[in-house]
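Enquirer: Just so it is clear, I am handing over start_9.cif, which has mmCIF, C-alpha atoms.
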data_run
#
loop_
_atom_site.label_atom_id
_atom_site.label_comp_id
_atom_site.auth_asym_id
_atom_site.auth_seq_id
_atom_site.Cartn_x
_atom_site.Cartn_y
_atom_site.Cartn_z
CA MET A 1 28.30 -56.29 -84.32
CA SER A 2 28.31 -60.07 -84.15
CA ILE A 3 26.30 -62.53 -82.07
CA PHE A 4 29.04 -62.60 -79.44
CA ASP A 5 29.11 -58.84 -79.09
CA TYR A 6 25.44 -58.92 -78.33
CA PHE A 7 25.97 -60.86 -75.15
CA LYS A 8 28.85 -58.79 -73.90
CA ARG A 9 27.50 -55.46 -75.01
CA LYS A 10 29.21 -52.87 -72.90
CA PRO A 11 27.39 -49.71 -72.01
CA THR A 12 29.10 -46.90 -73.93
CA LYS A 13 30.46 -44.13 -71.79
CA ALA A 14 28.69 -40.83 -72.02
CA THR A 15 31.83 -38.75 -72.40
CA ALA A 16 30.19 -35.91 -74.34
CA ALA A 17 29.30 -34.16 -71.08
CA ILE A 18 32.96 -34.20 -70.06
CA ALA A 19 33.92 -32.81 -73.46
CA LYS A 20 31.39 -30.01 -73.12
CA GLU A 21 32.55 -29.08 -69.64
CA ARG A 22 36.19 -28.99 -70.72
CA LEU A 23 35.36 -26.89 -73.75
CA HIS A 24 33.41 -24.41 -71.63
CA ILE A 25 36.43 -23.85 -69.42
CA VAL A 26 39.09 -23.66 -72.11
CA MET A 27 37.02 -21.44 -74.40
CA ALA A 28 36.18 -19.01 -71.60
CA HIS A 29 39.89 -18.72 -70.87
CA GLU A 30 40.75 -18.23 -74.54
CA HIS A 31 38.13 -15.51 -74.90
CA ARG A 32 39.66 -13.61 -71.99
CA VAL A 33 43.11 -13.85 -73.56
CA ALA A 34 41.86 -12.96 -77.04
CA ASN A 35 39.91 -9.93 -75.80
CA GLY A 36 42.64 -8.67 -73.53
CA PRO A 37 44.99 -5.95 -74.73
CA ASP A 38 48.38 -7.03 -76.08
CA TYR A 39 50.35 -5.33 -73.31
CA LEU A 40 49.24 -7.67 -70.50
CA PRO A 41 52.07 -10.22 -70.81
CA ALA A 42 54.68 -7.43 -71.00
CA LEU A 43 53.11 -5.59 -68.07
CA ARG A 44 53.27 -8.75 -66.04
CA ARG A 45 56.91 -9.36 -66.94
CA GLU A 46 57.98 -5.82 -66.04
CA LEU A 47 56.07 -5.86 -62.77
CA MET A 48 57.83 -9.08 -61.98
CA GLU A 49 61.23 -7.45 -62.60
CA VAL A 50 60.46 -4.50 -60.35
CA ILE A 51 59.04 -6.53 -57.51
CA THR A 52 61.86 -9.07 -57.49
CA LYS A 53 64.26 -6.21 -56.79
CA TYR A 54 62.69 -6.02 -53.32
CA VAL A 55 60.88 -9.25 -52.63
CA GLN A 56 61.50 -12.77 -53.82
CA ILE A 57 58.44 -13.98 -55.65
CA GLN A 58 57.69 -16.55 -58.30
CA ARG A 59 56.13 -15.94 -61.66
CA GLU A 60 52.86 -17.56 -60.63
CA ASP A 61 52.61 -15.19 -57.63
CA ILE A 62 51.61 -12.37 -59.95
CA LYS A 63 48.17 -12.47 -61.47
CA VAL A 64 47.15 -9.80 -63.95
CA ASN A 65 43.53 -9.82 -64.95
CA LEU A 66 41.48 -7.51 -67.04
CA GLU A 67 37.77 -7.70 -66.55
CA ARG A 68 35.03 -5.95 -68.34
CA HIS A 69 31.74 -5.01 -66.73
CA GLY A 70 29.73 -3.16 -69.30
CA ASP A 71 31.63 -0.01 -70.22
CA CYS A 72 33.92 -0.29 -67.24
CA GLU A 73 37.26 -2.09 -67.40
CA ILE A 74 38.95 -3.30 -64.25
CA LEU A 75 42.64 -4.11 -64.26
CA GLU A 76 43.21 -6.39 -61.34
CA LEU A 77 46.70 -7.02 -59.98
CA ASN A 78 47.14 -9.76 -57.48
CA ILE A 79 50.58 -10.22 -56.00
CA ALA A 80 51.05 -12.89 -53.38
CA LEU A 81 53.95 -11.88 -51.17
CA PRO A 82 55.86 -14.70 -49.52
CA GLU A 83 55.37 -15.18 -45.81
CA GLU A 84 58.23 -14.17 -43.57
CA GLY A 85 60.97 -16.62 -42.83
CA LYS A 86 60.62 -20.25 -43.72
CA GLU A 87 58.48 -20.10 -46.79
CA THR A 88 60.64 -17.47 -48.43
CA LYS A 89 63.69 -19.63 -48.05
CA GLU A 90 61.84 -22.61 -49.38
CA LYS A 91 60.79 -20.68 -52.40
CA ILE A 92 64.29 -19.46 -53.08
CA ALA A 93 65.66 -22.93 -52.57
CA ALA A 94 63.12 -24.30 -54.97
CA ARG A 95 64.56 -22.30 -57.84
CA MET B 1 24.56 -7.18 -105.05
CA SER B 2 26.90 -10.14 -104.92
CA LYS B 3 27.87 -11.87 -101.71
CA VAL B 4 31.18 -13.29 -100.55
CA ILE B 5 30.86 -16.37 -98.33
CA VAL B 6 33.85 -17.95 -96.61
CA VAL B 7 33.75 -21.65 -95.73
CA THR B 8 36.07 -22.05 -92.78
CA SER B 9 36.76 -24.14 -89.67
CA GLY B 10 40.24 -23.70 -88.27
CA LYS B 11 40.72 -27.43 -88.02
CA GLY B 12 41.63 -29.52 -91.06
CA GLY B 13 39.73 -32.50 -92.38
CA VAL B 14 36.31 -31.48 -91.09
CA GLY B 15 34.72 -31.01 -94.52
CA LYS B 16 35.42 -27.46 -95.70
CA THR B 17 36.15 -28.42 -99.29
CA THR B 18 33.26 -30.90 -99.44
CA THR B 19 30.96 -28.20 -98.06
CA SER B 20 32.34 -25.50 -100.39
CA ALA B 21 31.83 -27.72 -103.44
CA SER B 22 28.30 -28.75 -102.50
CA PHE B 23 27.24 -25.30 -101.33
CA ALA B 24 28.49 -23.66 -104.53
CA ALA B 25 26.94 -26.38 -106.71
CA GLY B 26 23.64 -25.99 -104.85
CA LEU B 27 23.55 -22.19 -105.33
CA ALA B 28 24.40 -22.59 -109.02
CA ASN B 29 21.76 -25.28 -109.46
CA ARG B 30 19.17 -22.82 -108.19
CA GLY B 31 20.10 -20.42 -110.94
CA HIS B 32 22.61 -18.19 -109.18
CA ARG B 33 25.87 -17.33 -110.92
CA THR B 34 28.42 -18.81 -108.52
CA VAL B 35 32.19 -19.06 -108.34
CA VAL B 36 34.09 -21.10 -105.79
CA ILE B 37 37.71 -20.15 -105.01
CA ASP B 38 40.30 -22.51 -103.55
CA PHE B 39 42.42 -20.49 -101.09
CA ASP B 40 44.58 -23.45 -100.10
CA ILE B 41 47.74 -22.36 -101.89
CA GLY B 42 50.17 -25.22 -102.29
CA LEU B 43 47.60 -27.88 -101.43
CA ARG B 44 45.05 -27.62 -104.20
CA ASN B 45 42.14 -29.99 -103.64
CA LEU B 46 38.91 -28.34 -104.62
CA ASP B 47 39.59 -29.22 -108.28
CA LEU B 48 39.59 -32.93 -107.38
CA VAL B 49 36.39 -32.74 -105.35
CA MET B 50 34.74 -30.81 -108.20
CA GLY B 51 36.13 -33.18 -110.83
CA CYS B 52 37.94 -30.57 -112.91
CA GLU B 53 41.57 -31.37 -112.03
CA ARG B 54 42.53 -32.12 -115.63
CA ARG B 55 41.23 -28.84 -116.90
CA VAL B 56 43.35 -26.60 -114.66
CA VAL B 57 45.59 -24.41 -116.81
CA TYR B 58 45.96 -21.22 -114.82
CA ASP B 59 45.26 -20.67 -111.14
CA PHE B 60 44.46 -18.03 -108.51
CA VAL B 61 48.11 -17.05 -108.02
CA ASN B 62 48.60 -16.62 -111.79
CA VAL B 63 45.69 -14.18 -111.75
CA ILE B 64 47.05 -12.34 -108.71
CA ASN B 65 50.45 -12.00 -110.36
CA ASP B 66 48.90 -10.83 -113.66
CA GLU B 67 50.22 -13.89 -115.48
CA ALA B 68 46.72 -14.81 -116.59
CA THR B 69 43.37 -13.09 -116.81
CA LEU B 70 40.51 -14.15 -114.60
CA LYS B 71 38.69 -15.39 -117.70
CA GLN B 72 41.60 -17.70 -118.55
CA ALA B 73 41.84 -19.13 -115.05
CA LEU B 74 38.14 -19.73 -114.33
CA ILE B 75 36.98 -23.27 -115.07
CA ARG B 76 33.34 -23.78 -115.96
CA ASP B 77 31.73 -26.76 -114.31
CA LYS B 78 31.06 -29.56 -116.76
CA SER B 79 27.40 -29.95 -115.87
CA ASP B 80 26.34 -26.50 -114.70
CA ASN B 81 26.96 -23.32 -116.68
CA ASN B 82 26.27 -21.19 -113.60
CA LEU B 83 29.16 -22.68 -111.68
CA HIS B 84 32.81 -21.70 -112.01
CA ILE B 85 35.93 -22.76 -110.14
CA LEU B 86 39.07 -20.75 -109.47
CA PRO B 87 41.70 -23.33 -108.51
CA ALA B 88 44.55 -22.83 -106.06
CA SER B 89 48.12 -23.05 -107.26
CA GLN B 90 50.16 -26.15 -106.53
CA THR B 91 53.61 -24.75 -106.10
CA ARG B 92 53.73 -21.02 -105.56
CA ASP B 93 54.29 -19.51 -102.18
CA LYS B 94 51.57 -17.92 -100.08
CA ASP B 95 53.35 -14.58 -100.07
CA ALA B 96 51.63 -13.84 -103.33
CA PHE B 97 48.55 -13.02 -101.27
CA THR B 98 48.06 -9.46 -100.18
CA GLU B 99 44.79 -7.91 -99.12
CA GLU B 100 44.98 -5.48 -102.00
CA LYS B 101 45.62 -8.09 -104.69
CA VAL B 102 43.03 -10.55 -103.42
CA GLY B 103 40.58 -7.65 -103.11
CA LYS B 104 41.12 -6.74 -106.76
CA VAL B 105 40.26 -10.29 -107.87
CA ILE B 106 37.17 -10.39 -105.59
CA ASP B 107 35.98 -7.03 -106.98
CA GLU B 108 36.34 -8.31 -110.52
CA LEU B 109 34.41 -11.48 -109.63
CA ARG B 110 31.64 -9.40 -108.02
CA GLU B 111 30.87 -7.96 -111.44
CA ASP B 112 30.05 -11.36 -112.93
CA PHE B 113 28.80 -13.49 -110.06
CA ASP B 114 26.00 -13.48 -107.50
CA TYR B 115 27.88 -15.62 -105.00
CA ILE B 116 31.62 -15.92 -104.39
CA VAL B 117 32.40 -18.92 -102.19
CA CYS B 118 35.87 -18.92 -100.59
CA ASP B 119 37.14 -22.35 -99.57
CA SER B 120 39.54 -21.59 -96.71
CA PRO B 121 42.63 -23.62 -95.89
CA ALA B 122 42.92 -25.08 -92.38
CA GLY B 123 44.77 -23.13 -89.70
CA ILE B 124 44.77 -19.46 -88.79
CA GLU B 125 47.66 -18.37 -91.00
CA LYS B 126 47.76 -16.02 -93.97
CA GLY B 127 45.74 -18.21 -96.37
CA ALA B 128 42.89 -18.63 -93.91
CA LEU B 129 42.94 -14.91 -93.04
CA MET B 130 42.85 -13.98 -96.72
CA ALA B 131 39.92 -16.32 -97.34
CA LEU B 132 37.84 -14.66 -94.63
CA PHE B 133 38.99 -11.05 -95.08
CA TYR B 134 36.38 -9.97 -97.63
CA ALA B 135 33.56 -12.21 -96.39
CA ASP B 136 30.00 -10.96 -96.00
CA GLU B 137 28.84 -14.26 -94.53
CA ALA B 138 30.61 -17.33 -93.16
CA LEU B 139 29.88 -21.03 -92.98
CA ILE B 140 31.65 -22.47 -89.94
CA VAL B 141 32.18 -26.18 -90.59
CA THR B 142 32.40 -28.12 -87.32
CA ASN B 143 32.57 -31.80 -86.40
CA PRO B 144 30.93 -32.89 -83.14
CA GLU B 145 34.35 -33.31 -81.65
CA ILE B 146 36.23 -31.39 -79.00
CA SER B 147 39.17 -30.01 -81.01
CA SER B 148 36.99 -29.03 -83.94
CA VAL B 149 34.65 -27.02 -81.69
CA ARG B 150 37.54 -25.22 -80.06
CA ASP B 151 39.12 -24.37 -83.42
CA SER B 152 35.79 -23.12 -84.75
CA ASP B 153 35.63 -20.84 -81.74
CA ARG B 154 39.06 -19.45 -82.59
CA ILE B 155 37.96 -18.83 -86.17
CA LEU B 156 34.85 -17.01 -84.95
CA GLY B 157 37.23 -14.76 -83.02
CA MET B 158 39.19 -14.10 -86.22
CA LEU B 159 36.02 -13.26 -88.14
CA SER B 160 35.06 -10.67 -85.56
CA ALA B 161 38.55 -9.16 -85.31
CA LYS B 162 40.50 -9.61 -88.53
CA SER B 163 37.95 -9.32 -91.33
CA GLN B 164 37.49 -6.20 -93.39
CA ARG B 165 34.02 -5.71 -91.93
CA ALA B 166 35.47 -5.84 -88.42
CA ILE B 167 38.37 -3.51 -89.18
CA GLN B 168 36.20 -0.95 -90.91
CA GLY B 169 33.55 -1.19 -88.20
CA GLU B 170 30.84 -2.29 -90.60
CA GLU B 171 28.01 -4.67 -89.85
CA PRO B 172 29.64 -7.92 -88.68
CA ILE B 173 29.93 -11.03 -90.84
CA LYS B 174 26.82 -13.22 -90.65
CA GLU B 175 27.94 -16.54 -89.23
CA HIS B 176 26.24 -19.89 -89.85
CA LEU B 177 27.08 -23.19 -88.22
CA VAL B 178 27.37 -26.33 -90.38
CA VAL B 179 27.81 -29.53 -88.40
CA THR B 180 29.29 -32.29 -90.53
CA ARG B 181 29.89 -36.00 -89.87
CA TYR B 182 27.06 -35.98 -87.37
CA SER B 183 25.94 -39.32 -86.00
CA PRO B 184 22.55 -39.13 -84.24
CA ASN B 185 23.02 -42.53 -82.58
CA ARG B 186 26.30 -41.57 -80.99
CA ALA B 187 24.99 -38.17 -79.90
CA GLU B 188 21.94 -39.78 -78.31
CA SER B 189 24.06 -42.22 -76.35
CA GLY B 190 26.16 -39.36 -75.03
CA GLU B 191 29.33 -40.42 -76.80
CA MET B 192 29.34 -37.42 -79.10
CA LEU B 193 28.65 -33.73 -78.51
CA SER B 194 25.05 -33.02 -79.45
CA LEU B 195 23.83 -30.25 -81.74
CA ASP B 196 22.56 -28.35 -78.70
CA ASP B 197 25.96 -28.63 -77.03
CA ILE B 198 27.77 -27.31 -80.09
CA GLN B 199 25.35 -24.44 -80.61
CA GLU B 200 25.52 -23.50 -76.97
CA LEU B 201 29.33 -23.53 -76.98
CA LEU B 202 29.76 -21.57 -80.20
CA GLY B 203 26.71 -19.34 -79.89
CA ILE B 204 25.83 -19.19 -83.58
CA ASP B 205 22.80 -20.36 -85.52
CA LEU B 206 22.71 -23.74 -87.16
CA ILE B 207 22.16 -23.73 -90.92
CA GLY B 208 22.78 -27.38 -91.69
CA VAL B 209 23.57 -30.79 -90.26
CA ILE B 210 25.27 -33.24 -92.58
CA PRO B 211 25.02 -36.82 -91.33
CA GLU B 212 28.04 -39.09 -91.42
CA SER B 213 27.69 -40.97 -94.70
CA GLU B 214 29.61 -43.11 -97.14
CA ALA B 215 28.14 -41.04 -99.94
CA VAL B 216 30.57 -38.19 -99.17
CA LEU B 217 33.61 -40.34 -99.88
CA GLN B 218 32.02 -41.90 -102.93
CA ALA B 219 31.17 -38.47 -104.32
CA SER B 220 34.67 -37.10 -103.83
CA ASN B 221 36.13 -40.30 -105.31
CA SER B 222 34.19 -39.60 -108.47
CA GLY B 223 34.71 -35.83 -108.47
CA VAL B 224 31.04 -34.92 -108.16
CA PRO B 225 29.83 -32.63 -105.35
CA VAL B 226 27.80 -34.83 -102.98
CA ILE B 227 24.84 -32.44 -103.20
CA ARG B 228 24.20 -33.92 -106.67
CA ASP B 229 23.71 -37.37 -105.15
CA GLU B 230 20.03 -36.84 -104.54
CA GLN B 231 19.55 -40.31 -103.08
CA SER B 232 22.01 -39.77 -100.25
CA LYS B 233 21.17 -38.21 -96.90
CA SER B 234 24.25 -36.01 -97.15
CA GLY B 235 23.19 -34.73 -100.55
CA GLN B 236 19.72 -33.95 -99.26
CA ALA B 237 21.10 -32.31 -96.14
CA TYR B 238 23.26 -30.02 -98.30
CA GLN B 239 20.20 -29.21 -100.48
CA ASP B 240 18.36 -28.17 -97.32
CA MET B 241 21.32 -26.09 -96.18
CA VAL B 242 21.42 -24.16 -99.46
CA ALA B 243 17.66 -23.58 -99.30
CA ARG B 244 17.97 -22.22 -95.74
CA PHE B 245 20.83 -19.98 -96.83
CA LEU B 246 18.54 -18.55 -99.51
CA GLY B 247 15.94 -17.80 -96.86
CA GLU B 248 13.65 -20.82 -97.01
CA ASP B 249 12.32 -22.15 -93.73
CA ILE B 250 13.09 -25.87 -93.74
CA PRO B 251 13.21 -28.10 -90.67
CA MET B 252 16.42 -30.04 -89.94
CA ARG B 253 16.41 -33.67 -91.06
CA PHE B 254 18.35 -36.80 -90.18
CA LEU B 255 18.68 -35.89 -86.51
CA GLU B 256 16.86 -38.88 -85.08
CA ALA B 257 18.80 -41.89 -83.88
CA GLU B 258 18.03 -45.01 -85.88
CA LYS B 259 16.27 -47.52 -83.72
CA LYS B 260 17.89 -50.88 -84.19
CA GLY B 261 15.50 -53.77 -83.96
CA PHE B 262 16.26 -56.86 -81.96
CA LEU B 263 17.14 -58.95 -85.03
CA LYS B 264 19.40 -56.26 -86.45
CA ARG B 265 21.23 -56.03 -83.15
CA PHE B 266 21.40 -59.77 -82.87
CA PHE B 267 22.75 -60.53 -86.32
CA GLY B 268 24.75 -57.36 -86.79
CA ALA B 269 23.96 -54.28 -88.79
#
Go ahead and express the file in the form of structure tokens.
Expert:
Amino acid sequence: MSIFDYFKRKPTKATAAIAKERLHIVMAHEHRVANGPDYLPALRRELMEVITKYVQIQREDIKVNLERHGDCEILELNIALPEEGKETKEKIAAR
Amino acid sequence: MSKVIVVTSGKGGVGKTTTSASFAAGLANRGHRTVVIDFDIGLRNLDLVMGCERRVVYDFVNVINDEATLKQALIRDKSDNNLHILPASQTRDKDAFTEEKVGKVIDELREDFDYIVCDSPAGIEKGALMALFYADEALIVTNPEISSVRDSDRILGMLSAKSQRAIQGEEPIKEHLVVTRYSPNRAESGEMLSLDDIQELLGIDLIGVIPESEAVLQASNSGVPVIRDEQSKSGQAYQDMVARFLGEDIPMRFLEAEKKGFLKRFFGA
């Protein structure tokens, strides 16, 4: 640090808090994936195939989650069906 | 009863080999028969850090393939009779590693040594998995940096899922956090993840903090484990880490930010 730097000393940004927050989120997600059984991706894909026979949905409309509360495991399926009419067409057109 | 300790991190370049060399040298210096194994097949480096690169004749893969005996491959440290090195091979492929064959070598080493230190390669591939498979304890080397913390977390997952202890449902591997390249000033100013942040994120106990120091580079340049540089903060921090590992209760050092005086700030450090 020279004499000139002293006069224009910039406050350093406290980015560690951002880093910590981001790590919290990404690590929590990775733990869920790592602890989940291996069949989840396949289950999701096959559900997708069955449902698209009847209703037009996108990949992100299916959410498969496995949660653990103590000894109890909950497999949660969340399928967002398209609204009638306009939105369905939009979604199909978007493909 | 001998102990197998893996030194691992997931991420490369965080100080696994430096830590392995100093940790093993510190255990040996305290009178324990210690061997340190380089698991980084194809990218041998521990020999350089330990200063024995010109004495490598046979390596780990030669032993695994029965081309040499363990006695022929082990290199005795030039200044400590308690310390031995089993170097990695330079050229052979990693497929030489199987759990069974590595296990045979570890069992043979258990007969002669108190501590078997396994210097893991970076990544989560075969070499890294082999290095941690037989571990009783683990040193997780982490830099106060976002990708290093995440990779350490992945490796912790591997330890609790892919190790022999995990598979056989035995008592889990004892995990210790080693934070390297730590800069108290930068942590205090909020530029760098603090020790508390890292411990909170990873959820394991801290066994050592090695401050960022030129001594580490100088030591590896000269092929002497930095723990033998008793003048340096890094050397002292590794000494403390070894003592804690052996059960001594020693407070952490070198965690305080250096207060720069007005003159030092004015004229440059």
Enquirer: Can you work out which one of B:Glu214, B:Asp59, B:Glu230, B:Asp197 has the shortest atom-to-atom distance to chain A, counting all atoms listed in the file?
Expert: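 That would be B:Asp197, the residue with the smallest distance to chain A.
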Enquirer: List the neighbours of Ile57 of chain A out to 8 Å using all atoms listed in the file; skip same-chain residues closer than 6 positions along the sequence, and give me the result as a PDB file with C-alpha atoms, in the coordinates of the input.
Expert:
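Written file, part_30.pdb:
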ATOM      1  CA  ILE A  51      59.040  -6.530 -57.510  1.00  0.00           C
ATOM      2  CA  ALA A  80      51.050 -12.890 -53.380  1.00  0.00           C
ATOM      3  CA  LEU A  81      53.950 -11.880 -51.170  1.00  0.00           C
ATOM      4  CA  PRO A  82      55.860 -14.700 -49.520  1.00  0.00           C
ATOM      5  CA  LYS A  91      60.790 -20.680 -52.400  1.00  0.00           C
TER       6      LYS A  91
END
Enquirer: For atom CA of Gly169 of chain B and atom CA of Ala135 of chain B, determine how far apart the two atoms are, in Å to one decimal place.
Expert: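 Separation of atom CA of Gly169 of chain B and atom CA of Ala135 of chain B: 13.7 Å.
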Enquirer: When distances are computed from all atoms listed in the file, which of B:Asn65, B:Asn29, B:Ser152, B:Thr19 shows the smallest separation from chain A?
Expert: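 Between B:Asn65, B:Asn29, B:Ser152, B:Thr19, the residue approaching chain A most closely is B:Ser152.
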Enquirer: Go through the shown structure with the PyMOL selection byres ((chain A and resi 34-49) around 10) and write out the matching residues as a PyMOL selection string.
Expert: (chain A and resi 28-33+50-68+75+77+79) or (chain B and resi 154+157-158+161)
Enquirer: I want to know what sits within 8 Å of Pro225 of chain B, based on all atoms listed in the file, with residues of the same chain fewer than 6 positions away left out; could you give that as a list in words?
Expert: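 Here the answer would be Thr18, Ala21, Ser22, Ala25, Val49, Met50 and Ala219 of chain B.
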Enquirer: Determine, counting all atoms listed in the file, which protein, DNA and RNA residues have an atom within 9 Å of an atom of Thr17 of chain B; residues of the same chain fewer than 2 positions away are not included. Present the result as a list in words.
Expert: Val7, Gly13, Val14, Gly15, Thr19, Ser20, Ala21, Ser22, Asp38, Asn45, Leu46, Val49, Asp119, Ser120 and Pro121 of chain B
Enquirer: With a distance threshold of 10 Å and counting only C-alpha atoms, extract the residues of chain B near chain A and express them as a count of residues only.
Expert: 32
Enquirer: Output the residue selection produced by the PyMOL selection byres ((chain B and resi 236) around 12) on the file above, formatted as a VMD selection string.
Expert: chain B and resid 22 to 23 26 208 to 211 213 215 to 216 225 to 235 237 to 243 250 252 to 254
Enquirer: For Ser160 of chain B, work out the shell of residues within 8 Å, counting all atoms listed in the file and skipping chain neighbours fewer than 5 positions away, then give it as JSON, numbers by chain.
Expert: {"B": [166, 172, 173]}
Enquirer: Give me the residues within 7 Å of Ser2 of chain B as a PyMOL selection string, counting all atoms listed in the file and dropping any in the same chain fewer than 4 places off.
Expert: chain B and resi 110+113-115
Enquirer: Can you work out the spacing between atom CA of Met1 of chain B and atom CA of Asp47 of chain B in Å, to one decimal?
Expert: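 Interatomic distance here is 26.9 Å.
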Enquirer: Calculate how many Å separate atom CA of His176 of chain B from atom CA of Leu139 of chain B, rounding to one decimal.
Expert: 4.9 Å
Enquirer: List the residues sitting within 12 Å of (38.3, -2.9, -93.9) in the file's frame, using all atoms listed in the file, as a PDB file with C-alpha atoms, keeping the file's coordinate frame.
Expert:
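Saved to result.pdb:
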ATOM      1  CA  GLU B  99      44.790  -7.910 -99.120  1.00  0.00           C
ATOM      2  CA  GLU B 100      44.980  -5.480-102.000  1.00  0.00           C
ATOM      3  CA  GLY B 103      40.580  -7.650-103.110  1.00  0.00           C
ATOM      4  CA  LEU B 132      37.840 -14.660 -94.630  1.00  0.00           C
ATOM      5  CA  PHE B 133      38.990 -11.050 -95.080  1.00  0.00           C
ATOM      6  CA  TYR B 134      36.380  -9.970 -97.630  1.00  0.00           C
ATOM      7  CA  ALA B 135      33.560 -12.210 -96.390  1.00  0.00           C
ATOM      8  CA  ASP B 136      30.000 -10.960 -96.000  1.00  0.00           C
ATOM      9  CA  SER B 160      35.060 -10.670 -85.560  1.00  0.00           C
ATOM     10  CA  ALA B 161      38.550  -9.160 -85.310  1.00  0.00           C
ATOM     11  CA  LYS B 162      40.500  -9.610 -88.530  1.00  0.00           C
ATOM     12  CA  SER B 163      37.950  -9.320 -91.330  1.00  0.00           C
ATOM     13  CA  GLN B 164      37.490  -6.200 -93.390  1.00  0.00           C
ATOM     14  CA  ARG B 165      34.020  -5.710 -91.930  1.00  0.00           C
ATOM     15  CA  ALA B 166      35.470  -5.840 -88.420  1.00  0.00           C
ATOM     16  CA  ILE B 167      38.370  -3.510 -89.180  1.00  0.00           C
ATOM     17  CA  GLN B 168      36.200  -0.950 -90.910  1.00  0.00           C
ATOM     18  CA  GLY B 169      33.550  -1.190 -88.200  1.00  0.00           C
ATOM     19  CA  GLU B 170      30.840  -2.290 -90.600  1.00  0.00           C
ATOM     20  CA  GLU B 171      28.010  -4.670 -89.850  1.00  0.00           C
ATOM     21  CA  PRO B 172      29.640  -7.920 -88.680  1.00  0.00           C
TER      22      PRO B 172
END
Enquirer: Using all atoms listed in the file for the distances, tell me which of B:Asn81, B:Val117, B:Lys101, B:Ile75 is nearest to Thr8 of chain B.
Expert: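 Residue with the minimum atom-to-atom distance to Thr8 of chain B: B:Val117.
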